[in-house]
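Structure data follow from structure_17.csv (CSV, C-alpha atoms and all ligand atoms):
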```csv
chain,number,residue,atom,x,y,z
S,17,MET,CA,-30.6,-32.6,-2.1
S,18,THR,CA,-32.5,-32.5,1.2
S,19,GLY,CA,-30.8,-32.0,4.5
S,20,MET,CA,-28.5,-29.3,3.2
S,21,ARG,CA,-29.1,-25.6,3.1
S,22,ILE,CA,-30.0,-24.2,-0.3
S,23,GLU,CA,-30.8,-20.6,-0.8
S,24,GLU,CA,-31.5,-18.6,-3.9
S,25,HIS,CA,-30.6,-14.9,-4.4
S,26,PHE,CA,-28.7,-15.1,-1.1
S,27,PRO,CA,-27.1,-12.0,0.4
S,28,LEU,CA,-23.4,-12.5,1.2
S,29,GLU,CA,-22.9,-9.6,3.6
S,30,ASN,CA,-22.1,-12.0,6.4
S,31,TYR,CA,-19.9,-14.1,4.2
S,32,ASN,CA,-17.4,-11.4,3.2
S,33,THR,CA,-15.5,-9.4,5.8
S,34,PHE,CA,-15.4,-6.3,3.5
S,35,ARG,CA,-19.2,-6.5,4.2
S,36,LEU,CA,-20.0,-5.8,0.5
S,37,PRO,CA,-23.8,-6.0,-0.1
S,38,VAL,CA,-23.5,-8.6,-2.9
S,39,LYS,CA,-25.8,-11.5,-3.6
S,40,THR,CA,-25.2,-15.0,-5.0
S,41,ARG,CA,-27.6,-16.7,-7.3
S,42,TRP,CA,-27.4,-19.8,-5.2
S,43,PHE,CA,-25.9,-20.6,-1.8
S,44,ILE,CA,-25.4,-24.2,-0.8
S,45,GLU,CA,-24.1,-25.3,2.5
S,46,TYR,CA,-23.3,-28.9,3.3
S,47,ASP,CA,-22.8,-30.6,6.7
S,48,ASN,CA,-20.8,-33.7,5.8
S,49,GLU,CA,-18.8,-35.5,3.1
S,50,GLU,CA,-21.8,-37.5,1.9
S,51,GLU,CA,-23.7,-34.3,1.2
S,52,LEU,CA,-20.7,-32.8,-0.6
S,53,LEU,CA,-20.5,-35.8,-2.8
S,54,ARG,CA,-24.2,-35.6,-3.6
S,55,ILE,CA,-23.7,-32.0,-4.7
S,56,LEU,CA,-20.7,-32.8,-6.8
S,57,HIS,CA,-22.6,-35.6,-8.6
S,58,ASP,CA,-25.7,-33.5,-9.2
S,59,GLU,CA,-26.4,-32.8,-12.9
S,60,TYR,CA,-27.7,-29.3,-12.5
S,61,PHE,CA,-24.8,-28.4,-10.2
S,62,MET,CA,-22.2,-29.7,-12.6
S,63,GLU,CA,-23.4,-27.3,-15.3
S,64,CYS,CA,-23.2,-24.2,-13.1
S,65,ALA,CA,-20.3,-22.0,-12.4
S,66,TYR,CA,-19.5,-22.4,-8.7
S,67,MET,CA,-16.9,-21.4,-6.2
S,68,HIS,CA,-16.2,-22.5,-2.6
S,69,ILE,CA,-15.8,-20.0,0.2
S,70,GLY,CA,-14.8,-20.2,3.8
S,71,GLY,CA,-15.4,-17.3,6.2
S,72,GLY,CA,-14.9,-14.8,3.3
S,73,SER,CA,-12.1,-13.0,5.1
S,74,ASN,CA,-9.9,-12.8,2.1
S,75,LEU,CA,-12.4,-12.1,-0.7
S,76,LEU,CA,-13.3,-9.1,-2.8
S,77,PHE,CA,-16.6,-9.5,-4.6
S,78,LEU,CA,-16.7,-7.1,-7.6
S,79,ASN,CA,-20.3,-7.9,-8.5
S,80,ASP,CA,-23.1,-10.2,-7.6
S,81,TYR,CA,-22.1,-13.8,-8.1
S,82,ASN,CA,-24.1,-15.5,-10.9
S,83,GLY,CA,-23.5,-19.1,-9.9
S,84,ILE,CA,-23.4,-21.3,-6.9
S,85,ILE,CA,-21.4,-20.4,-3.8
S,86,LEU,CA,-20.6,-23.5,-1.8
S,87,HIS,CA,-19.9,-23.3,1.9
S,88,SER,CA,-18.9,-26.1,4.2
S,89,ALA,CA,-20.6,-26.5,7.6
S,90,ILE,CA,-18.3,-29.5,8.5
S,91,LYS,CA,-17.5,-29.1,12.1
S,92,GLY,CA,-15.8,-31.1,14.8
S,93,VAL,CA,-12.4,-31.6,16.4
S,94,GLY,CA,-11.1,-35.1,16.9
S,95,MET,CA,-7.9,-36.5,18.3
S,96,VAL,CA,-6.1,-38.6,15.7
S,97,GLU,CA,-3.0,-39.3,17.8
S,98,GLU,CA,-1.7,-38.5,21.2
S,99,THR,CA,1.8,-39.1,22.5
S,100,GLY,CA,3.6,-37.8,25.6
S,101,ALA,CA,5.0,-35.0,23.5
S,102,ALA,CA,2.3,-34.0,21.0
S,103,VAL,CA,-1.2,-34.3,19.7
S,104,THR,CA,-2.6,-34.5,16.2
S,105,LEU,CA,-6.0,-33.1,15.7
S,106,ARG,CA,-8.5,-33.6,12.9
S,107,ILE,CA,-10.5,-30.5,12.4
S,108,GLY,CA,-13.6,-29.8,10.2
S,109,ALA,CA,-13.1,-27.1,7.6
S,110,ALA,CA,-15.9,-25.0,9.0
S,111,GLU,CA,-14.4,-24.7,12.5
S,112,ILE,CA,-13.5,-21.1,13.3
S,113,TRP,CA,-9.7,-20.9,13.3
S,114,ASP,CA,-9.4,-18.7,16.4
S,115,GLU,CA,-11.7,-20.9,18.4
S,116,ILE,CA,-9.2,-23.7,17.7
S,117,VAL,CA,-6.3,-21.5,19.0
S,118,VAL,CA,-8.3,-20.9,22.2
S,119,LEU,CA,-9.2,-24.6,22.6
S,120,ALA,CA,-5.5,-25.6,22.0
S,121,LEU,CA,-4.3,-23.2,24.7
S,122,SER,CA,-6.8,-24.4,27.2
S,123,ARG,CA,-5.7,-28.0,26.7
S,124,GLY,CA,-2.0,-27.2,26.9
S,125,TRP,CA,-1.3,-27.7,23.2
S,126,TYR,CA,1.1,-25.3,21.6
S,127,GLY,CA,2.4,-24.0,18.3
S,128,ILE,CA,-0.4,-21.8,17.0
S,129,GLU,CA,-0.6,-19.1,19.6
S,130,ASN,CA,1.1,-16.6,17.3
S,131,LEU,CA,-1.7,-17.2,14.8
S,132,SER,CA,-4.2,-15.7,17.4
S,133,GLY,CA,-7.0,-13.4,16.3
S,134,ILE,CA,-6.9,-14.3,12.6
S,135,PRO,CA,-10.5,-14.3,11.2
S,136,GLY,CA,-11.7,-17.1,9.1
S,137,GLU,CA,-12.3,-20.9,9.0
S,138,CYS,CA,-9.9,-23.8,9.3
S,139,GLY,CA,-10.2,-25.1,5.8
S,140,ALA,CA,-9.4,-21.7,4.3
S,141,ALA,CA,-6.7,-21.1,6.8
S,142,ALA,CA,-4.9,-24.2,5.5
S,143,ILE,CA,-5.6,-23.4,1.9
S,144,GLN,CA,-4.1,-19.9,2.0
S,145,ASN,CA,-1.4,-20.7,4.5
S,146,ILE,CA,-2.3,-18.0,7.0
S,147,GLY,CA,0.7,-16.5,8.8
S,148,ALA,CA,1.5,-13.9,11.4
S,149,TYR,CA,4.2,-12.9,13.8
S,150,GLY,CA,6.8,-15.4,12.5
S,151,VAL,CA,4.5,-18.5,12.3
S,152,GLU,CA,2.6,-20.0,9.4
S,153,ILE,CA,-0.1,-22.7,9.6
S,154,LYS,CA,2.1,-24.8,7.4
S,155,ASP,CA,4.5,-25.2,10.4
S,156,VAL,CA,1.8,-27.4,12.1
S,157,VAL,CA,-0.2,-28.9,9.3
S,158,GLU,CA,0.3,-32.6,9.1
S,159,ALA,CA,-2.2,-33.4,6.4
S,160,VAL,CA,-5.1,-31.9,4.5
S,161,GLU,CA,-8.2,-34.0,3.4
S,162,ALA,CA,-9.7,-32.9,0.2
S,163,TYR,CA,-12.0,-34.1,-2.6
S,164,ASP,CA,-11.1,-33.7,-6.3
S,165,ARG,CA,-13.9,-31.7,-7.8
S,166,ASN,CA,-13.8,-33.6,-11.1
S,167,SER,CA,-13.2,-37.2,-10.1
S,168,CYS,CA,-14.9,-36.8,-6.7
S,169,GLU,CA,-12.1,-38.9,-5.2
S,170,LYS,CA,-10.8,-38.2,-1.7
S,171,HIS,CA,-7.1,-37.5,-1.2
S,172,ILE,CA,-5.1,-37.0,1.9
S,173,PHE,CA,-2.3,-34.7,1.2
S,174,SER,CA,0.8,-34.7,3.4
S,175,ASN,CA,2.3,-31.4,4.4
S,176,LYS,CA,4.9,-31.8,1.6
S,177,ASP,CA,2.2,-32.5,-0.9
S,178,CYS,CA,0.3,-29.3,0.0
S,179,LEU,CA,3.1,-27.4,-1.8
S,180,TYR,CA,3.1,-24.7,0.7
S,181,SER,CA,4.8,-21.3,0.3
S,182,TYR,CA,4.1,-17.8,1.5
S,183,ARG,CA,0.2,-17.4,1.6
S,184,HIS,CA,0.0,-20.2,-0.9
S,185,SER,CA,-0.6,-23.9,-1.4
S,186,ARG,CA,-1.7,-26.3,-4.1
S,187,PHE,CA,-5.3,-25.7,-3.1
S,188,LYS,CA,-5.2,-22.1,-4.1
S,189,ASP,CA,-4.0,-22.9,-7.6
S,190,GLU,CA,-6.3,-24.4,-10.2
S,191,SER,CA,-3.4,-25.8,-12.1
S,192,THR,CA,-2.4,-28.1,-9.3
S,193,GLY,CA,-5.8,-29.5,-9.0
S,194,PRO,CA,-9.3,-28.3,-8.1
S,195,TYR,CA,-9.9,-29.6,-4.6
S,196,ILE,CA,-12.4,-29.0,-1.9
S,197,VAL,CA,-10.9,-29.3,1.6
S,198,THR,CA,-13.1,-31.0,4.2
S,199,HIS,CA,-10.7,-31.5,7.1
S,200,ILE,CA,-7.2,-30.4,8.2
S,201,ARG,CA,-4.9,-32.3,10.6
S,202,ILE,CA,-2.5,-30.3,12.7
S,203,ARG,CA,0.2,-31.4,15.1
S,204,LEU,CA,0.7,-29.4,18.3
S,205,SER,CA,3.3,-29.8,21.0
S,206,LYS,CA,2.6,-30.4,24.7
S,207,THR,CA,5.8,-28.4,25.4
S,208,PRO,CA,5.6,-24.6,25.2
S,209,SER,CA,8.2,-23.1,22.9
S,210,PRO,CA,7.3,-19.5,22.3
S,211,ALA,CA,8.4,-18.1,18.9
S,212,LEU,CA,9.2,-14.5,19.7
S,213,GLY,CA,11.6,-13.6,16.8
S,214,TYR,CA,9.1,-11.3,14.9
S,215,GLY,CA,9.7,-7.5,15.2
S,216,ASN,CA,9.4,-6.3,18.8
S,217,LEU,CA,7.3,-9.3,20.0
S,218,GLU,CA,9.8,-10.5,22.5
S,219,GLU,CA,10.0,-7.0,24.0
S,220,ARG,CA,6.3,-6.7,24.2
S,221,VAL,CA,5.8,-10.1,25.8
S,222,SER,CA,8.5,-9.5,28.3
S,223,ALA,CA,7.0,-6.1,29.2
S,224,CYS,CA,4.0,-8.0,30.6
S,225,GLY,CA,6.3,-8.7,33.5
S,226,ILE,CA,5.1,-12.2,34.2
S,227,GLU,CA,6.3,-15.6,33.1
S,228,ILE,CA,6.3,-16.0,29.3
S,229,THR,CA,3.6,-18.5,28.5
S,230,PRO,CA,1.8,-19.2,25.2
S,231,SER,CA,-1.3,-17.5,26.7
S,232,VAL,CA,0.7,-14.4,27.4
S,233,VAL,CA,1.9,-14.6,23.8
S,234,ARG,CA,-1.7,-14.8,22.6
S,235,GLU,CA,-2.8,-11.8,24.6
S,236,THR,CA,0.2,-9.7,23.5
S,237,ILE,CA,-0.5,-10.6,19.8
S,238,LEU,CA,-4.2,-9.8,20.2
S,239,THR,CA,-3.3,-6.4,21.6
S,240,MET,CA,-0.8,-5.8,18.8
S,241,ARG,CA,-3.3,-6.7,16.2
S,242,ARG,CA,-5.9,-4.4,17.8
S,243,GLU,CA,-3.3,-1.6,17.7
S,244,LYS,CA,-2.7,-1.9,13.9
S,245,LEU,CA,-5.5,-3.7,12.2
S,246,PRO,CA,-9.0,-2.2,11.6
S,247,ASP,CA,-11.8,-3.6,13.8
S,248,PRO,CA,-14.1,-5.4,11.3
S,249,ALA,CA,-17.1,-4.2,13.4
S,250,GLN,CA,-16.1,-0.7,12.5
S,251,TYR,CA,-14.8,-1.0,9.0
S,252,GLY,CA,-15.2,-3.9,6.6
S,253,ASN,CA,-11.7,-5.1,5.6
S,254,ALA,CA,-9.7,-8.2,4.7
S,255,GLY,CA,-6.5,-7.8,6.7
S,256,SER,CA,-3.5,-7.3,4.4
S,257,PHE,CA,-4.8,-6.5,1.0
S,258,PHE,CA,-1.5,-7.2,-0.8
S,259,MET,CA,1.3,-9.7,-0.2
S,260,ASN,CA,4.7,-8.4,0.9
S,261,PRO,CA,6.7,-8.4,-2.3
S,262,VAL,CA,10.1,-10.2,-2.7
S,263,ILE,CA,12.6,-8.4,-4.8
S,264,THR,CA,16.2,-9.2,-5.9
S,265,MET,CA,19.1,-8.1,-3.7
S,266,ARG,CA,20.3,-5.9,-6.5
S,267,HIS,CA,16.9,-4.1,-6.8
S,268,PHE,CA,16.9,-3.8,-3.0
S,269,GLU,CA,20.4,-2.2,-2.9
S,270,ALA,CA,19.3,0.3,-5.5
S,271,LEU,CA,16.2,1.2,-3.4
S,272,LYS,CA,18.3,1.4,-0.2
S,273,ALA,CA,20.6,3.9,-1.8
S,274,ALA,CA,17.6,6.2,-2.5
S,275,TYR,CA,15.6,5.3,0.6
S,276,PRO,CA,18.0,4.4,3.5
S,277,GLY,CA,15.1,3.8,5.9
S,278,ILE,CA,13.5,1.0,3.8
S,279,PRO,CA,12.7,-1.9,6.0
S,280,SER,CA,13.4,-5.5,4.8
S,281,PHE,CA,13.4,-9.1,5.8
S,282,PRO,CA,15.6,-11.8,4.2
S,283,ALA,CA,13.6,-14.1,1.9
S,284,GLY,CA,16.1,-16.8,0.9
S,285,ASP,CA,17.9,-17.4,-2.4
S,286,ASN,CA,19.2,-13.8,-2.8
S,287,GLY,CA,15.7,-12.4,-2.3
S,288,VAL,CA,14.6,-9.6,0.0
S,289,LYS,CA,11.1,-9.1,1.3
S,290,VAL,CA,9.9,-5.5,1.6
S,291,PRO,CA,6.8,-4.6,3.6
S,292,ALA,CA,4.1,-3.5,1.2
S,293,GLY,CA,2.7,-1.3,4.0
S,294,TRP,CA,5.8,0.8,3.9
S,295,LEU,CA,5.8,1.2,0.1
S,296,ILE,CA,2.2,2.2,0.2
S,297,GLU,CA,2.8,4.7,3.1
S,298,GLN,CA,5.7,6.2,1.1
S,299,CYS,CA,3.4,6.8,-1.8
S,300,GLY,CA,1.2,8.9,0.5
S,301,PHE,CA,-1.9,6.7,0.7
S,302,LYS,CA,-2.0,5.9,4.4
S,303,GLY,CA,-5.1,7.3,6.0
S,304,LYS,CA,-6.4,8.5,2.6
S,305,SER,CA,-9.7,7.6,1.0
S,306,GLN,CA,-11.3,7.7,-2.4
S,307,GLY,CA,-15.1,7.9,-1.9
S,308,GLU,CA,-16.1,5.0,0.3
S,309,ALA,CA,-12.8,3.1,0.0
S,310,GLY,CA,-10.0,3.9,2.3
S,311,VAL,CA,-6.4,3.0,3.5
S,312,TYR,CA,-6.4,2.4,7.2
S,313,HIS,CA,-4.6,5.1,9.1
S,314,LYS,CA,-2.6,2.8,11.3
S,315,GLN,CA,-1.6,0.1,8.7
S,316,ALA,CA,-1.4,1.1,5.1
S,317,LEU,CA,-1.6,-2.6,4.0
S,318,ALA,CA,-5.2,-2.7,5.1
S,319,LEU,CA,-7.9,-1.3,2.7
S,320,ILE,CA,-11.2,-0.6,4.4
S,321,ASN,CA,-14.8,-0.1,3.5
S,322,LEU,CA,-15.8,3.2,5.0
S,323,GLY,CA,-19.4,2.1,5.0
S,324,ASN,CA,-20.9,2.0,1.6
S,325,ALA,CA,-18.1,1.0,-0.7
S,326,SER,CA,-18.7,-1.4,-3.6
S,327,GLY,CA,-16.1,-4.0,-4.5
S,328,GLN,CA,-15.3,-1.9,-7.6
S,329,ASP,CA,-14.5,1.1,-5.3
S,330,ILE,CA,-12.0,-1.0,-3.3
S,331,ALA,CA,-10.5,-2.4,-6.5
S,332,LEU,CA,-10.0,1.0,-8.0
S,333,LEU,CA,-8.2,2.2,-5.0
S,334,ALA,CA,-6.1,-0.9,-5.0
S,335,GLU,CA,-5.3,-0.2,-8.7
S,336,ASP,CA,-4.2,3.3,-7.9
S,337,ILE,CA,-1.9,2.0,-5.1
S,338,ARG,CA,-0.4,-0.6,-7.4
S,339,SER,CA,0.4,2.0,-10.1
S,340,ALA,CA,1.9,4.4,-7.6
S,341,VAL,CA,4.1,1.8,-6.0
S,342,ALA,CA,5.1,0.4,-9.5
S,343,GLY,CA,5.9,4.0,-10.7
S,344,ARG,CA,8.0,4.9,-7.7
S,345,PHE,CA,9.7,1.6,-6.7
S,346,HIS,CA,9.4,-0.6,-9.8
S,347,ILE,CA,7.6,-3.2,-7.7
S,348,THR,CA,4.4,-4.9,-8.7
S,349,LEU,CA,2.2,-5.5,-5.7
S,350,MET,CA,0.1,-8.7,-5.9
S,351,PRO,CA,-3.2,-8.8,-4.0
S,352,GLU,CA,-3.4,-11.3,-1.2
S,353,VAL,CA,-7.2,-11.1,-1.4
S,354,LYS,CA,-9.0,-13.0,-4.1
S,355,TYR,CA,-11.0,-11.0,-6.6
S,356,ILE,CA,-14.4,-12.5,-7.5
S,357,GLY,CA,-16.2,-11.5,-10.7
S,401,LIG,N1,5.0,-0.6,7.7
S,401,LIG,C1,5.0,0.8,7.4
S,401,LIG,N2,3.8,1.4,7.3
S,401,LIG,C2,2.6,0.8,7.4
S,401,LIG,C3,2.6,-0.6,7.7
S,401,LIG,C4,3.8,-1.3,7.8
S,401,LIG,O1,6.0,1.4,7.3
S,401,LIG,O2,1.6,1.4,7.2
S,401,LIG,C5,6.3,-1.3,7.9
S,401,LIG,C6,6.9,-1.1,9.2
S,401,LIG,O3,8.3,-1.0,9.0
S,401,LIG,C7,6.7,-2.4,9.9
S,401,LIG,C8,6.7,-3.4,8.7
S,401,LIG,O4,6.1,-2.6,7.7
S,401,LIG,O5,7.7,-2.7,10.8
S,401,LIG,C9,5.9,-4.6,8.9
S,401,LIG,O6,4.6,-4.3,9.4
S,401,LIG,P1,3.7,-5.3,10.2
S,401,LIG,O7,4.4,-5.9,11.3
S,401,LIG,O8,2.4,-4.6,10.5
S,401,LIG,O9,3.4,-6.5,9.2
S,401,LIG,P2,3.1,-6.5,7.6
S,401,LIG,O10,4.2,-7.0,6.9
S,401,LIG,O11,2.4,-5.3,7.2
S,401,LIG,C10,2.4,-9.1,7.8
S,401,LIG,C11,1.3,-9.9,7.3
S,401,LIG,C12,0.1,-9.8,8.3
S,401,LIG,C13,0.6,-10.2,9.7
S,401,LIG,C14,1.8,-9.3,10.1
S,401,LIG,C15,2.4,-9.7,11.4
S,401,LIG,C16,1.4,-10.1,4.9
S,401,LIG,C17,0.8,-9.6,3.6
S,401,LIG,N3,0.9,-9.5,6.0
S,401,LIG,O12,2.0,-7.7,7.7
S,401,LIG,O13,-0.9,-10.7,7.9
S,401,LIG,O14,-0.4,-10.1,10.7
S,401,LIG,O15,2.8,-9.4,9.1
S,401,LIG,O16,3.1,-10.9,11.2
S,401,LIG,O17,2.3,-10.9,4.9
S,401,LIG,C18,-2.9,-10.8,6.6
S,401,LIG,O18,-2.3,-11.6,5.9
S,401,LIG,O19,-4.1,-10.5,6.3
S,401,LIG,C19,-2.2,-10.2,7.7
S,401,LIG,C20,-2.8,-9.3,8.5
```
Starting from the file, give its structure as structure tokens.
Ligand code: EPU
Amino acid sequence: MTGMRIEEHFPLENYNTFRLPVKTRWFIEYDNEEELLRILHDEYFMECAYMHIGGGSNLLFLNDYNGIILHSAIKGVGMVEETGAAVTLRIGAAEIWDEIVVLALSRGWYGIENLSGIPGECGAAAIQNIGAYGVEIKDVVEAVEAYDRNSCEKHIFSNKDCLYSYRHSRFKDESTGPYIVTHIRIRLSKTPSPALGYGNLEERVSACGIEITPSVVRETILTMRREKLPDPAQYGNAGSFFMNPVITMRHFEALKAAYPGIPSFPAGDNGVKVPAGWLIEQCGFKGKSQGEAGVYHKQALALINLGNASGQDIALLAEDIRSAVAGRFHITLMPEVKYIG
């Protein structure tokens, strides 16, 4: 396996945004599809436990990883199709998502400006269906290119075949097939059509006092994110730690009677989405810490590494939060971050 990067006992501090000082037994990074296939066909590799990571912005390592961490270095942005109205781009999984947002805006291609400032790489973005401020990546994904880890065959999944839902796709779920994503294809519009329905976004954008353009939307969203989310340079974190739970209308009505101020969003089919941040704040965790693990003081959904936390410290705090929320609201919070180990 020459030409690719292979490291032993490799520190993962720069590959997990919680900045946990864990190591992996092996770290292998490949540059192209041929190299990936060589790895998947390798006898030693096939016998080892392995997992694939992206930028590590949604991972919680509980221990050192005693196997192989695979990482894609497949880069490149190509034009698959261009019409008068839209473009379809093919993007390597290792491209940094926010750099694609910047590139798209500079070329006059719209639809992802609300997804500004989200850390991580494009492959992982499509796998976990990143979302923010009323837009999800599934709204623009046309197809995802992936290799079946077992048969080594390449598949091109249409948007529908990706089985997208809230922060989820078939690629996150081993039961719908173990795949390695190499490229994503997204379709962007040449006509701006700002999506301003989320919270007070419209008000914030209008307050800029200039024409509403997708670039103004990006700048506003970057400001809003800075106001609420911890700066990774200051505190290791993985954005929202839990998903926002969906509960039944009946459950919601009962909670509303006891807590008239409970915020909510419709979630289709008689379901109601309740912000996990609010539930956690109500339980008194906002701004609190347990040792080196903390709950961010401006957004209770973000757990932070105060400096020297271990993955276990963060997991213990998360467990206490889950029990408190379950005890008080009868709601089980599900982590959005993936636990490793
Ligand atoms: N809230 C509180 N206290 C808090 C935090 C939130 O009461 O400490 C309540 C407020 O009522 C607020 C509402 O929760 O109006 C929603 O808060 P916010 O707009 O910050 O959004 P969120 O539901 O906490 C979700 C996503 C974020 C995304 C934002 C904006 C999830 C799990 N999180 O957070 O995504 O940026 O909306 O669209 O869906 C991520 O996935 O890592 C992430 C940061």
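For Ile228 in chain S, the residues within 12 Å (counting only C-alpha atoms, excluding itself and residues fewer than 4 positions away along the chain) are Pro208, Ser209, Pro210, Ala211, Leu212, Leu217, Glu218, Glu219, Arg220, Val221, Ser222, Ala223, Cys224, Val232, Val233, Arg234, Glu235 and Thr236 of chain S.
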Go ahead and save the picked residues with C-alpha atoms, as a PDB file, in the frame of the given file.
```pdb
ATOM      1  CA  PRO S 208       5.600 -24.600  25.200  1.00  0.00           C
ATOM      2  CA  SER S 209       8.200 -23.100  22.900  1.00  0.00           C
ATOM      3  CA  PRO S 210       7.300 -19.500  22.300  1.00  0.00           C
ATOM      4  CA  ALA S 211       8.400 -18.100  18.900  1.00  0.00           C
ATOM      5  CA  LEU S 212       9.200 -14.500  19.700  1.00  0.00           C
ATOM      6  CA  LEU S 217       7.300  -9.300  20.000  1.00  0.00           C
ATOM      7  CA  GLU S 218       9.800 -10.500  22.500  1.00  0.00           C
ATOM      8  CA  GLU S 219      10.000  -7.000  24.000  1.00  0.00           C
ATOM      9  CA  ARG S 220       6.300  -6.700  24.200  1.00  0.00           C
ATOM     10  CA  VAL S 221       5.800 -10.100  25.800  1.00  0.00           C
ATOM     11  CA  SER S 222       8.500  -9.500  28.300  1.00  0.00           C
ATOM     12  CA  ALA S 223       7.000  -6.100  29.200  1.00  0.00           C
ATOM     13  CA  CYS S 224       4.000  -8.000  30.600  1.00  0.00           C
ATOM     14  CA  VAL S 232       0.700 -14.400  27.400  1.00  0.00           C
ATOM     15  CA  VAL S 233       1.900 -14.600  23.800  1.00  0.00           C
ATOM     16  CA  ARG S 234      -1.700 -14.800  22.600  1.00  0.00           C
ATOM     17  CA  GLU S 235      -2.800 -11.800  24.600  1.00  0.00           C
ATOM     18  CA  THR S 236       0.200  -9.700  23.500  1.00  0.00           C
TER      19      THR S 236
END
```
Can you write out as CSV which residues of chain S fall within 6 Å of ligand LIG 401 (chain S), alongside each residue's closest atom pair and its distance in Å to one decimal, counting all atoms listed in the file and ordering rows by chain and ascending residue number?
```
residue,atom,partner,partner_atom,distance
S:Ala148,CA,S:LIG401,O16,3.4
S:Tyr149,CA,S:LIG401,O16,3.5
S:Gly150,CA,S:LIG401,O16,6.0
S:Gly255,CA,S:LIG401,O19,3.6
S:Ser256,CA,S:LIG401,O19,3.8
S:Phe258,CA,S:LIG401,C17,5.5
S:Met259,CA,S:LIG401,C17,3.8
S:Asn260,CA,S:LIG401,C17,4.9
S:Pro279,CA,S:LIG401,O3,5.4
S:Pro291,CA,S:LIG401,O4,4.6
S:Gly293,CA,S:LIG401,C3,3.8
S:Trp294,CA,S:LIG401,O1,3.5
S:Glu297,CA,S:LIG401,O2,5.4
S:Gln315,CA,S:LIG401,O2,3.8
S:Ala316,CA,S:LIG401,O2,3.7
S:Leu317,CA,S:LIG401,O11,5.8
```
I want to know what sits within 12 Å of Ala292 in chain S, based on all atoms listed in the file, with residues of the same chain fewer than 2 positions away left out; could you give that as a ChimeraX atom specification? /S:256-263,278-281,289-290,294-299,301-302,315-318,337-338,341-342,345,347-352
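Between Asp58 in chain S and the residues S:Cys168, S:Glu129, S:Leu204, S:Tyr31, the shortest atom-to-atom distance, using all atoms listed in the file, involves S:Cys168.
As for CA of Ala89 in chain S and CA of Phe43 in chain S, they are spaced 12.3 Å apart.
Separating CA of Arg41 in chain S from CA of Arg183 in chain S is a distance of 29.2 Å.
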Given the choices S:Leu53, S:Val103, S:Leu238, S:Ala249, which gets closest to Trp125 in chain S if the distance is worked out from all atoms listed in the file? S:Val103
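Checking S:Gly327, S:Gly94, S:Pro248, S:Pro135 one by one against Tyr312 in chain S, counting all atoms listed in the file, you find the shortest gap at S:Pro248.
Minimum atom-to-atom distances from S:Gly127, S:Asn216, S:Arg21, S:Phe34 to Gln250 in chain S were compared using only C-alpha atoms, and the lowest value belongs to S:Phe34.
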Would you list the contacts of Thr104 in chain S as a list in words, taking every protein, DNA or RNA residue within 10 Å and counting all atoms listed in the file, but skipping same-chain residues closer than 3 positions in sequence? Gly94, Met95, Val96, Glu97, Glu98, Thr99, Ile107, Trp125, Val156, Val157, Glu158, Ala159, Arg201, Ile202, Arg203, Leu204 and Ser205 of chain S
Give me the residues near Ser326 in chain S as a PyMOL selection string, where near means some atom within 9 Å (using only C-alpha atoms) and where sequence neighbours in that chain fewer than 5 positions away do not count. chain S and resi 36-38+77-79+308-309+321+331
